[in-house]
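The next block holds one structure in the form of structure tokens; read it before the comments.
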Amino acid sequence: MSPHVPSLEELHALGKVQQPTYEDPAELAQVLDQLRKLPPLVFAGECDELRENLAEVAEGRAFLLQGGDCAETFDQVTGDNVKGKLRVLLSMAVVMTYAGQVPVVKVGRIGGQYAKPRSKDSETREGVTLPAYRGDAVNGFDFTPEARRHDPKRLQQVYNASAATLNLVRAFVKGGFADLRTIHSWNADFVRNSNVESRYEALADEIERALAFMVTCGVDDSTLSGVDFYSSHEALLLDYEHAMTRIDSRSQLPYDTSGHMVWIGERTRQLDGAHVELLSHIRNPIGIKLGPTSTPEDALGLADKLDPDRIPGRISFITRMGAANVREKLPPLVRGIEASGRKVVWVCDPMHGNTFEAANGFKTRSYSDVVEELNGFFDVHHELGTWPGGVHVELTGDDVTECVGGAFQLSESDLVNRYETTCDPRLNRNQSLELAFMVAERLSDGRIERPNLIDEFRNLDF
Ligand SMILES: O=C[C@H](O)[C@H](O)COP(=O)(O)O
Ligand SMILES: C=C(OP(=O)(O)O)C(=O)O
Ligand SMILES: [Mn+2]
């Protein structure tokens with residue numbers, strides 16, 4: 001490894017925030033040795049390509065859609081599950097591209113999102129206290145001492161599960177599943193009679209007609225058959241991310257090859273901490289979560305440390321203020337960064353600042369709070385003249401009942417029906433598509449200054 005990347009020991013010496021505690025260091029060392037020998041999961045060139053796409057977002061010429069599970073699990077690595085998530089993300093992207101008239105950069109919280117930071121180290125049920133579940137990368141969800149033990153062999157399973165997922169994602173997005181001409185079939189088994197369903201069907205009809213027209217006119221339709229889709233996860237486990245960091249043979253620069261984009265969470269963004277240090281050395285595009293306690297100085301310090309050369313597309317600030325805070329807390333951060341002359345990607349995570357416990361004990365979020373935070377995000381950027389670059393959401397392709405509200409007006413008493421997440425509540429398929437229509441409306445309602453694709457099209461030299 002390049003002398004520029006600190007050793008694992010040096011990183012751990014900077015602190016062990018949110019890290020597992022393993023009983024047997026030799027067992028961990030053996031797993032990490034194995035991981036270091038395995039092939040990269042993504043290629044450095046793909047990370048560069050995503051960074052270039054994100055540079056377009058930073059310039060206001062594209063929009064980022066980043067979404068997927070809060071916590072992926074090993075037993076959900078199935079064809080149907082991966083297909084379901086991809087289907088909802090691609091449908092959302094189509095809605096935003098067509099109705100919002102903006103190119104959409106598509107990034108999944110997928111193929112690596114297996115480790116979770118927690119607010120408490122332990123969990124107590126009926127008088128029994130055990131270590132908290134920290135994601136399948138660290139321990140098991142079952143409430144038993146065996147399952148909750150931190151097991152380093154799980155890191156090998158993270159690699160295997162990520163490889164299987166990414167393999168299928170690549171096959172789907174390039175192998176015909178994402179072909180725009182099949183857009184109707186993506187949601188053929190939609191929950192019937194919903195307002196979202198009919199809006200989606202109408203939009204799909206319009207797109208079909210537009211495509212048929214293009215093809216009739218002789219426009220080359222080969223570009224319709226596949227899309228670019230990238231993977232991302234929180235770079236939480238230093239052991240794993242360090243082991244997956246490799247020197248790119250073309251550039252001799254280090255990349256974290258566990259995913260295309262990695263982000264630093266709200267709980268691990270300490271400027272002098274190990275996570276910021278490791279990510280300052282890798283060349284992937286980086287996300288940085290910023291919660292309501294973030295100051296402009298925090299954001300500037302992180303930007304300077306993680307992107308001293310101001311590489312376009314390198315940094316995305318993923319703000320997660322909460323619906324009640326966004327209008328007050330976001331503007332100083334945006335002003336501070338803009339005043340430094342930096343062009344970053346501003347992304348709204350409308351999930352993590354809006355979690356609450358329902359009366360029946362389920363951890364949930366209200367769809368209306370999610371929309372409220374997004375509206376605040378769009379309004380703030382509109383007022384400051386900056387580009388609201390993207391949205392980062394926790395969602396699933398299934399018809400789960402984890403967040404309240406939305407088209408079907410899920411109530412707290414509905415949560416029990418299909419509550420399947422192992423960590424945070426996710427938007428279901430209807431709620432996700434509803435959100436995509438809402439975002440598309442905000443992007444195209446004329447309030448936000450942006451390139452007009454129709455004008456650009458008119459000026460094309462045929
Ligand atoms: O996904 C984010 C965090 O891991 C999660 O919100 C923490 O949840 P907790 O407060 O239940 O630990
Ligand atoms: C842990 C997460 O978020 P945050 O770091 O913003 O709390 C997450 O994205 O699941
Ligand atoms: Mn989460």
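Just remember, in the structure tokens the first chain shown is A, the second B, etc., residues are 1-based per chain, and ligands are 1-based in the order shown.
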
Enumerate residues in contact with ligand 1: an atom-to-atom distance of at most 7 Å, counting only C-alpha atoms and all ligand atoms. Format the result as an mmCIF file with C-alpha atoms, in the first residue's frame.
```cif
data_model
loop_
_atom_site.group_PDB
_atom_site.id
_atom_site.type_symbol
_atom_site.label_atom_id
_atom_site.label_comp_id
_atom_site.auth_asym_id
_atom_site.auth_seq_id
_atom_site.Cartn_x
_atom_site.Cartn_y
_atom_site.Cartn_z
ATOM 1 C CA CYS A 70 -30.769 1.596 6.260
ATOM 2 C CA LYS A 116 -24.526 0.538 11.671
ATOM 3 C CA PRO A 117 -23.488 3.194 14.167
ATOM 4 C CA ARG A 118 -25.829 3.096 17.182
ATOM 5 C CA SER A 119 -26.845 5.623 19.807
ATOM 6 C CA LYS A 120 -26.544 3.025 22.572
ATOM 7 C CA HIS A 352 -32.423 10.749 9.833
ATOM 8 C CA CYS A 423 -32.486 -0.606 11.960
ATOM 9 C CA ASP A 424 -34.255 2.504 10.645
#
```

What lies within 12 Å of Arg342 in chain A using only C-alpha atoms, ignoring chain neighbours under 2 positions off, as an mmCIF file with C-alpha atoms, in the first residue's frame?
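Final file, part.cif:
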```cif
data_model
loop_
_atom_site.group_PDB
_atom_site.id
_atom_site.type_symbol
_atom_site.label_atom_id
_atom_site.label_comp_id
_atom_site.auth_asym_id
_atom_site.auth_seq_id
_atom_site.Cartn_x
_atom_site.Cartn_y
_atom_site.Cartn_z
ATOM 1 C CA ALA A 55 -19.227 17.304 -10.656
ATOM 2 C CA ALA A 58 -22.302 20.344 -8.230
ATOM 3 C CA GLU A 59 -22.573 22.609 -11.281
ATOM 4 C CA ALA A 299 -18.149 21.890 7.239
ATOM 5 C CA LEU A 300 -15.228 24.033 6.080
ATOM 6 C CA ALA A 303 -13.978 20.147 3.156
ATOM 7 C CA ASP A 304 -10.388 21.370 3.542
ATOM 8 C CA ASP A 307 -10.712 17.849 -0.512
ATOM 9 C CA PRO A 308 -7.699 20.161 -0.261
ATOM 10 C CA ASP A 309 -7.320 20.222 -4.055
ATOM 11 C CA ARG A 310 -10.963 21.114 -4.661
ATOM 12 C CA ILE A 311 -11.534 18.280 -7.104
ATOM 13 C CA PRO A 312 -14.930 18.706 -8.812
ATOM 14 C CA GLY A 313 -17.428 16.079 -7.586
ATOM 15 C CA ARG A 314 -15.229 14.884 -4.733
ATOM 16 C CA ILE A 315 -17.463 16.090 -1.873
ATOM 17 C CA SER A 316 -21.188 15.716 -1.294
ATOM 18 C CA PHE A 317 -22.599 17.244 1.887
ATOM 19 C CA VAL A 334 -24.479 26.663 2.664
ATOM 20 C CA ARG A 335 -23.409 30.296 3.041
ATOM 21 C CA GLY A 336 -20.144 29.309 4.738
ATOM 22 C CA ILE A 337 -19.160 26.792 2.082
ATOM 23 C CA GLU A 338 -20.247 28.986 -0.826
ATOM 24 C CA ALA A 339 -18.277 31.922 0.599
ATOM 25 C CA SER A 340 -15.144 29.759 0.482
ATOM 26 C CA VAL A 344 -19.964 20.961 -3.570
ATOM 27 C CA VAL A 345 -22.952 18.678 -4.066
ATOM 28 C CA TRP A 346 -25.737 19.572 -1.592
ATOM 29 C CA THR A 386 -27.614 27.448 -4.852
#
```

With only C-alpha atoms and all ligand atoms counted, collect every polymer residue having an atom within 12 Å of ligand 3; state the result as a ChimeraX atom specification.
/A:67-72,109,113-119,134-135,233-234,265-267,289,320,349-355,363-365,392-395,421-427

Could you dump the residues just selected with N, CA and C atoms as a CSV table (one decimal), in the first residue's frame?
```csv
chain,number,residue,atom,x,y,z
A,67,GLY,N,-30.2,6.0,-2.7
A,67,GLY,CA,-31.2,5.4,-1.8
A,67,GLY,C,-31.0,3.9,-1.7
A,68,GLY,N,-31.6,3.4,-0.6
A,68,GLY,CA,-31.6,1.9,-0.3
A,68,GLY,C,-31.9,1.7,1.1
A,69,ASP,N,-31.6,0.5,1.6
A,69,ASP,CA,-31.9,0.1,3.0
A,69,ASP,C,-31.1,1.0,3.9
A,70,CYS,N,-31.6,1.1,5.2
A,70,CYS,CA,-30.8,1.6,6.3
A,70,CYS,C,-29.7,0.6,6.5
A,71,ALA,N,-30.1,-0.7,6.7
A,71,ALA,CA,-29.1,-1.8,6.9
A,71,ALA,C,-29.4,-2.9,6.0
A,72,GLU,N,-28.6,-3.2,5.1
A,72,GLU,CA,-28.7,-4.5,4.3
A,72,GLU,C,-28.5,-5.7,5.2
A,109,ARG,N,-27.8,2.7,-1.9
A,109,ARG,CA,-27.3,2.3,-0.6
A,109,ARG,C,-27.3,0.8,-0.7
A,113,GLN,N,-23.8,-1.9,2.5
A,113,GLN,CA,-24.4,-1.1,3.6
A,113,GLN,C,-24.8,-2.1,4.8
A,114,TYR,N,-23.7,-2.7,5.4
A,114,TYR,CA,-23.9,-3.7,6.4
A,114,TYR,C,-23.5,-3.3,7.8
A,115,ALA,N,-23.0,-2.1,8.0
A,115,ALA,CA,-22.6,-1.8,9.4
A,115,ALA,C,-23.3,-0.5,9.9
A,116,LYS,N,-23.7,-0.6,11.1
A,116,LYS,CA,-24.5,0.5,11.7
A,116,LYS,C,-23.9,1.2,12.9
A,117,PRO,N,-23.8,2.5,12.9
A,117,PRO,CA,-23.5,3.2,14.2
A,117,PRO,C,-24.8,3.2,15.0
A,118,ARG,N,-24.6,3.1,16.3
A,118,ARG,CA,-25.8,3.1,17.2
A,118,ARG,C,-25.7,4.2,18.2
A,119,SER,N,-26.9,4.6,18.7
A,119,SER,CA,-26.8,5.6,19.8
A,119,SER,C,-26.5,5.0,21.1
A,134,ARG,N,-25.3,-4.1,15.5
A,134,ARG,CA,-24.6,-3.1,14.8
A,134,ARG,C,-24.5,-3.4,13.3
A,135,GLY,N,-25.4,-4.1,12.8
A,135,GLY,CA,-25.4,-4.5,11.4
A,135,GLY,C,-24.8,-5.8,11.2
A,233,HIS,N,-22.0,3.1,0.5
A,233,HIS,CA,-22.4,2.7,1.8
A,233,HIS,C,-21.6,3.6,2.8
A,234,GLU,N,-22.0,3.5,4.1
A,234,GLU,CA,-21.2,4.3,5.1
A,234,GLU,C,-19.9,3.6,5.4
A,265,GLY,N,-20.4,9.1,8.5
A,265,GLY,CA,-21.7,9.3,9.2
A,265,GLY,C,-21.6,10.5,10.1
A,266,GLU,N,-22.8,10.9,10.6
A,266,GLU,CA,-22.9,12.0,11.5
A,266,GLU,C,-22.2,11.7,12.8
A,267,ARG,N,-22.1,10.4,13.2
A,267,ARG,CA,-21.4,10.1,14.5
A,267,ARG,C,-19.9,9.9,14.4
A,289,LYS,N,-22.1,13.3,6.1
A,289,LYS,CA,-23.4,13.7,6.7
A,289,LYS,C,-23.2,14.9,7.6
A,320,ARG,N,-28.9,16.5,7.1
A,320,ARG,CA,-30.0,15.7,7.7
A,320,ARG,C,-30.4,16.4,9.0
A,349,ASP,N,-30.9,14.5,3.1
A,349,ASP,CA,-31.3,13.2,3.7
A,349,ASP,C,-32.5,13.6,4.6
A,350,PRO,N,-33.7,13.4,4.1
A,350,PRO,CA,-34.9,13.9,4.9
A,350,PRO,C,-35.4,12.8,5.9
A,351,MET,N,-34.5,11.8,6.1
A,351,MET,CA,-34.9,10.7,7.0
A,351,MET,C,-34.4,10.8,8.4
A,352,HIS,N,-33.1,11.0,8.5
A,352,HIS,CA,-32.4,10.7,9.8
A,352,HIS,C,-32.7,11.8,10.9
A,353,GLY,N,-33.2,13.0,10.5
A,353,GLY,CA,-33.5,14.0,11.5
A,353,GLY,C,-35.0,13.9,11.9
A,354,ASN,N,-35.7,12.9,11.3
A,354,ASN,CA,-37.2,12.9,11.6
A,354,ASN,C,-37.6,11.5,12.1
A,355,THR,N,-36.8,10.9,12.9
A,355,THR,CA,-37.1,9.6,13.5
A,355,THR,C,-37.8,9.8,14.8
A,363,LYS,N,-40.0,2.2,15.9
A,363,LYS,CA,-39.2,3.4,15.5
A,363,LYS,C,-39.8,3.7,14.1
A,364,THR,N,-40.2,5.0,13.9
A,364,THR,CA,-40.8,5.3,12.7
A,364,THR,C,-40.5,6.7,12.2
A,365,ARG,N,-41.0,7.1,11.0
A,365,ARG,CA,-40.9,8.4,10.5
A,365,ARG,C,-42.2,8.7,9.8
A,392,HIS,N,-31.2,11.8,-0.5
A,392,HIS,CA,-30.6,10.6,0.0
A,392,HIS,C,-31.7,10.0,0.9
A,393,VAL,N,-32.2,8.8,0.5
A,393,VAL,CA,-33.4,8.2,1.3
A,393,VAL,C,-33.2,6.8,1.6
A,394,GLU,N,-33.8,6.4,2.7
A,394,GLU,CA,-33.9,5.0,3.1
A,394,GLU,C,-35.2,4.4,2.6
A,395,LEU,N,-35.1,3.4,1.7
A,395,LEU,CA,-36.3,2.9,1.1
A,395,LEU,C,-36.1,1.4,0.8
A,421,THR,N,-37.5,-3.8,8.9
A,421,THR,CA,-36.2,-3.3,8.9
A,421,THR,C,-35.5,-3.8,10.2
A,422,THR,N,-34.1,-3.9,10.1
A,422,THR,CA,-33.4,-4.2,11.3
A,422,THR,C,-32.8,-3.0,12.0
A,423,CYS,N,-33.0,-1.8,11.3
A,423,CYS,CA,-32.5,-0.6,12.0
A,423,CYS,C,-33.5,0.5,11.8
A,424,ASP,N,-33.3,1.4,10.8
A,424,ASP,CA,-34.3,2.5,10.6
A,424,ASP,C,-35.4,2.2,9.7
A,425,PRO,N,-36.6,2.9,9.9
A,425,PRO,CA,-37.7,2.7,9.0
A,425,PRO,C,-37.5,3.2,7.6
A,426,ARG,N,-37.9,2.5,6.6
A,426,ARG,CA,-37.7,2.8,5.2
A,426,ARG,C,-39.0,3.2,4.6
A,427,LEU,N,-39.0,4.0,3.6
A,427,LEU,CA,-40.1,4.3,2.7
A,427,LEU,C,-40.4,3.1,1.9
```

Using only C-alpha atoms and all ligand atoms, pick whichever of A:Val88, A:Ile288, A:Leu28, A:Asn139 has the shortest atom-to-atom distance to ligand 2.
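Once distances to ligand 2 are computed over only C-alpha atoms and all ligand atoms, the minimum belongs to A:Ile288.
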
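Taking only C-alpha atoms, the non-local environment of Asn430 in chain A within 8 Å (same-chain residues fewer than 5 positions away omitted) comprises Val191, Val196, Glu197, Asp399, Gly406 and Ala407 of chain A.
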
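The residue set within 8 Å of Pro292 in chain A, counting only C-alpha atoms and dropping same-chain residues fewer than 6 places from it, reads A:Arg320, A:Met321, A:Gly322, A:Asn325, A:Val326, A:Lys329.
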
Write out, as a PDB file, in the first residue's frame, the residues just selected, with C-alpha atoms.
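Contents of selection17.pdb, freshly written:
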```
ATOM      1  CA  ARG A 320     -30.045  15.733   7.713  1.00  0.00           C
ATOM      2  CA  MET A 321     -31.378  18.505   9.878  1.00  0.00           C
ATOM      3  CA  GLY A 322     -34.942  17.394  10.595  1.00  0.00           C
ATOM      4  CA  ASN A 325     -34.596  22.605  11.903  1.00  0.00           C
ATOM      5  CA  VAL A 326     -33.778  22.695   8.226  1.00  0.00           C
ATOM      6  CA  LYS A 329     -29.730  25.257  10.385  1.00  0.00           C
TER       7      LYS A 329
END
```

Using only C-alpha atoms, the best pick from A:Leu180, A:Val102, A:Leu237, A:Ala44 as closest to Arg250 in chain A would be A:Ala44

I want to know what sits within 12 Å of Leu238 in chain A, based on only C-alpha atoms, with residues of the same chain fewer than 6 positions away left out; could you give that as an NGL selection string?
:A and (6-20 or 32 or 115 or 137 or 155 or 244-245 or 256 or 258 or 264 or 268 or 273-279)

Please write the residues from the selection above to a file, keeping C-alpha atoms, as a PDB file, in the first residue's frame.
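Saved the output as result_3.pdb:
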```
ATOM      1  CA  PRO A   6      -1.919   5.267   7.272  1.00  0.00           C
ATOM      2  CA  SER A   7      -1.635   1.777   8.715  1.00  0.00           C
ATOM      3  CA  LEU A   8      -4.593   0.268  10.524  1.00  0.00           C
ATOM      4  CA  GLU A   9      -2.727   0.663  13.805  1.00  0.00           C
ATOM      5  CA  GLU A  10      -2.194   4.364  13.129  1.00  0.00           C
ATOM      6  CA  LEU A  11      -5.882   4.760  12.354  1.00  0.00           C
ATOM      7  CA  HIS A  12      -7.017   2.953  15.474  1.00  0.00           C
ATOM      8  CA  ALA A  13      -4.684   5.139  17.515  1.00  0.00           C
ATOM      9  CA  LEU A  14      -6.856   8.108  16.448  1.00  0.00           C
ATOM     10  CA  GLY A  15      -9.839   6.630  18.293  1.00  0.00           C
ATOM     11  CA  LYS A  16     -12.299   3.788  18.007  1.00  0.00           C
ATOM     12  CA  VAL A  17     -15.609   5.575  17.669  1.00  0.00           C
ATOM     13  CA  GLN A  18     -18.443   3.148  16.824  1.00  0.00           C
ATOM     14  CA  GLN A  19     -16.021   0.248  16.215  1.00  0.00           C
ATOM     15  CA  PRO A  20     -16.656  -3.415  17.078  1.00  0.00           C
ATOM     16  CA  LEU A  32      -8.224  -9.050   7.126  1.00  0.00           C
ATOM     17  CA  ALA A 115     -22.563  -1.778   9.386  1.00  0.00           C
ATOM     18  CA  ALA A 137     -21.121  -6.892   9.360  1.00  0.00           C
ATOM     19  CA  LEU A 155     -16.394  -9.218   7.415  1.00  0.00           C
ATOM     20  CA  MET A 244     -10.441  -2.990   0.780  1.00  0.00           C
ATOM     21  CA  THR A 245      -8.272   0.055   0.042  1.00  0.00           C
ATOM     22  CA  ASP A 256     -11.510   2.177  -1.340  1.00  0.00           C
ATOM     23  CA  SER A 258     -15.569  -1.715  -1.378  1.00  0.00           C
ATOM     24  CA  ILE A 264     -18.829   9.488   6.719  1.00  0.00           C
ATOM     25  CA  THR A 268     -17.931   9.642  13.023  1.00  0.00           C
ATOM     26  CA  GLY A 273     -10.799  11.183  13.959  1.00  0.00           C
ATOM     27  CA  ALA A 274      -9.872   7.949  12.196  1.00  0.00           C
ATOM     28  CA  HIS A 275     -12.717   7.983   9.652  1.00  0.00           C
ATOM     29  CA  VAL A 276     -11.922  11.421   8.295  1.00  0.00           C
ATOM     30  CA  GLU A 277      -8.227  10.485   8.226  1.00  0.00           C
ATOM     31  CA  LEU A 278      -8.773   7.293   6.207  1.00  0.00           C
ATOM     32  CA  LEU A 279     -11.170   8.917   3.768  1.00  0.00           C
TER      33      LEU A 279
END
```

Just the residues within 8 Å of Ala164 in chain A, please, counting only C-alpha atoms, with nothing from its chain fewer than 4 positions along; format it as a ChimeraX atom specification.
/A:77,160,168

Just list the residues in range 38-156 of chain A DSSP gives helix (DSSP H, G or I) on the backbone, as a PyMOL selection string.
chain A and resi 44-58+74-76+79-100+145-148+153-156

Keeping C-alpha atoms, export the residues of the selection given above as an mmCIF file, in the first residue's frame.
```
data_model
loop_
_atom_site.group_PDB
_atom_site.id
_atom_site.type_symbol
_atom_site.label_atom_id
_atom_site.label_comp_id
_atom_site.auth_asym_id
_atom_site.auth_seq_id
_atom_site.Cartn_x
_atom_site.Cartn_y
_atom_site.Cartn_z
ATOM 1 C CA ALA A 44 -11.081 2.915 -9.673
ATOM 2 C CA GLY A 45 -12.138 4.082 -13.148
ATOM 3 C CA GLU A 46 -15.799 3.647 -12.211
ATOM 4 C CA CYS A 47 -15.270 5.754 -9.076
ATOM 5 C CA ASP A 48 -13.719 8.466 -11.240
ATOM 6 C CA GLU A 49 -16.671 8.318 -13.607
ATOM 7 C CA LEU A 50 -19.094 8.759 -10.698
ATOM 8 C CA ARG A 51 -17.014 11.675 -9.432
ATOM 9 C CA GLU A 52 -17.289 13.298 -12.858
ATOM 10 C CA ASN A 53 -21.063 12.783 -12.810
ATOM 11 C CA LEU A 54 -21.206 14.341 -9.356
ATOM 12 C CA ALA A 55 -19.227 17.304 -10.656
ATOM 13 C CA GLU A 56 -22.127 17.851 -13.063
ATOM 14 C CA VAL A 57 -24.465 17.802 -10.055
ATOM 15 C CA ALA A 58 -22.302 20.344 -8.230
ATOM 16 C CA PHE A 74 -27.127 -11.189 4.487
ATOM 17 C CA ASP A 75 -30.362 -13.138 4.240
ATOM 18 C CA GLN A 76 -31.862 -10.435 2.017
ATOM 19 C CA GLY A 79 -32.591 -11.987 -6.648
ATOM 20 C CA ASP A 80 -36.064 -10.730 -5.822
ATOM 21 C CA ASN A 81 -34.855 -8.339 -3.150
ATOM 22 C CA VAL A 82 -32.126 -6.768 -5.259
ATOM 23 C CA LYS A 83 -34.507 -6.530 -8.214
ATOM 24 C CA GLY A 84 -37.160 -4.864 -6.042
ATOM 25 C CA LYS A 85 -34.790 -2.168 -4.805
ATOM 26 C CA LEU A 86 -33.412 -1.526 -8.244
ATOM 27 C CA ARG A 87 -36.890 -1.303 -9.696
ATOM 28 C CA VAL A 88 -38.022 1.350 -7.253
ATOM 29 C CA LEU A 89 -34.810 3.374 -7.663
ATOM 30 C CA LEU A 90 -34.981 3.229 -11.463
ATOM 31 C CA SER A 91 -38.663 4.183 -11.412
ATOM 32 C CA MET A 92 -37.905 7.150 -9.163
ATOM 33 C CA ALA A 93 -35.058 8.193 -11.440
ATOM 34 C CA VAL A 94 -37.309 8.035 -14.497
ATOM 35 C CA VAL A 95 -39.945 10.177 -12.774
ATOM 36 C CA MET A 96 -37.329 12.754 -11.815
ATOM 37 C CA THR A 97 -35.674 12.749 -15.235
ATOM 38 C CA TYR A 98 -38.883 12.992 -17.229
ATOM 39 C CA ALA A 99 -41.151 15.060 -14.996
ATOM 40 C CA GLY A 100 -38.297 17.045 -13.412
ATOM 41 C CA PRO A 145 -25.740 -13.625 23.485
ATOM 42 C CA GLU A 146 -24.320 -15.784 20.652
ATOM 43 C CA ALA A 147 -25.862 -13.673 17.887
ATOM 44 C CA ARG A 148 -24.896 -10.363 19.483
ATOM 45 C CA LYS A 153 -15.681 -13.653 10.271
ATOM 46 C CA ARG A 154 -18.713 -11.575 9.319
ATOM 47 C CA LEU A 155 -16.394 -9.218 7.415
ATOM 48 C CA GLN A 156 -15.711 -12.008 4.954
#
```

Restricting the calculation to only C-alpha atoms and all ligand atoms, which member of A:Gln252, A:Asn187, A:Ser432, A:Ser232 is positioned closest to ligand 2?
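Selected residue with least distance to ligand 2: A:Ser232.
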
What is the distance, in Å and to one decimal place, between CA of Ser222 in chain A and CA of Asp179 in chain A?
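Value for the CA of Ser222 in chain A-CA of Asp179 in chain A distance: 9.5 Å.
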
So how far away is CA of Thr396 in chain A from CA of Arg125 in chain A, in Å?
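Spanning CA of Arg125 in chain A to CA of Thr396 in chain A is a straight-line distance of 27.5 Å.
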
Using only C-alpha atoms: which of A:Ile286, A:Asp33, A:Asp136, A:Gln101 has the shortest distance to Glu441 in chain A
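Of A:Ile286, A:Asp33, A:Asp136, A:Gln101, the one nearest Glu441 in chain A, counting only C-alpha atoms, is A:Gln101.
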
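With distances taken over only C-alpha atoms and all ligand atoms, A:Arg269 is the one residue among A:Arg246, A:Arg269, A:Arg458, A:Arg429 lying closest to ligand 2.
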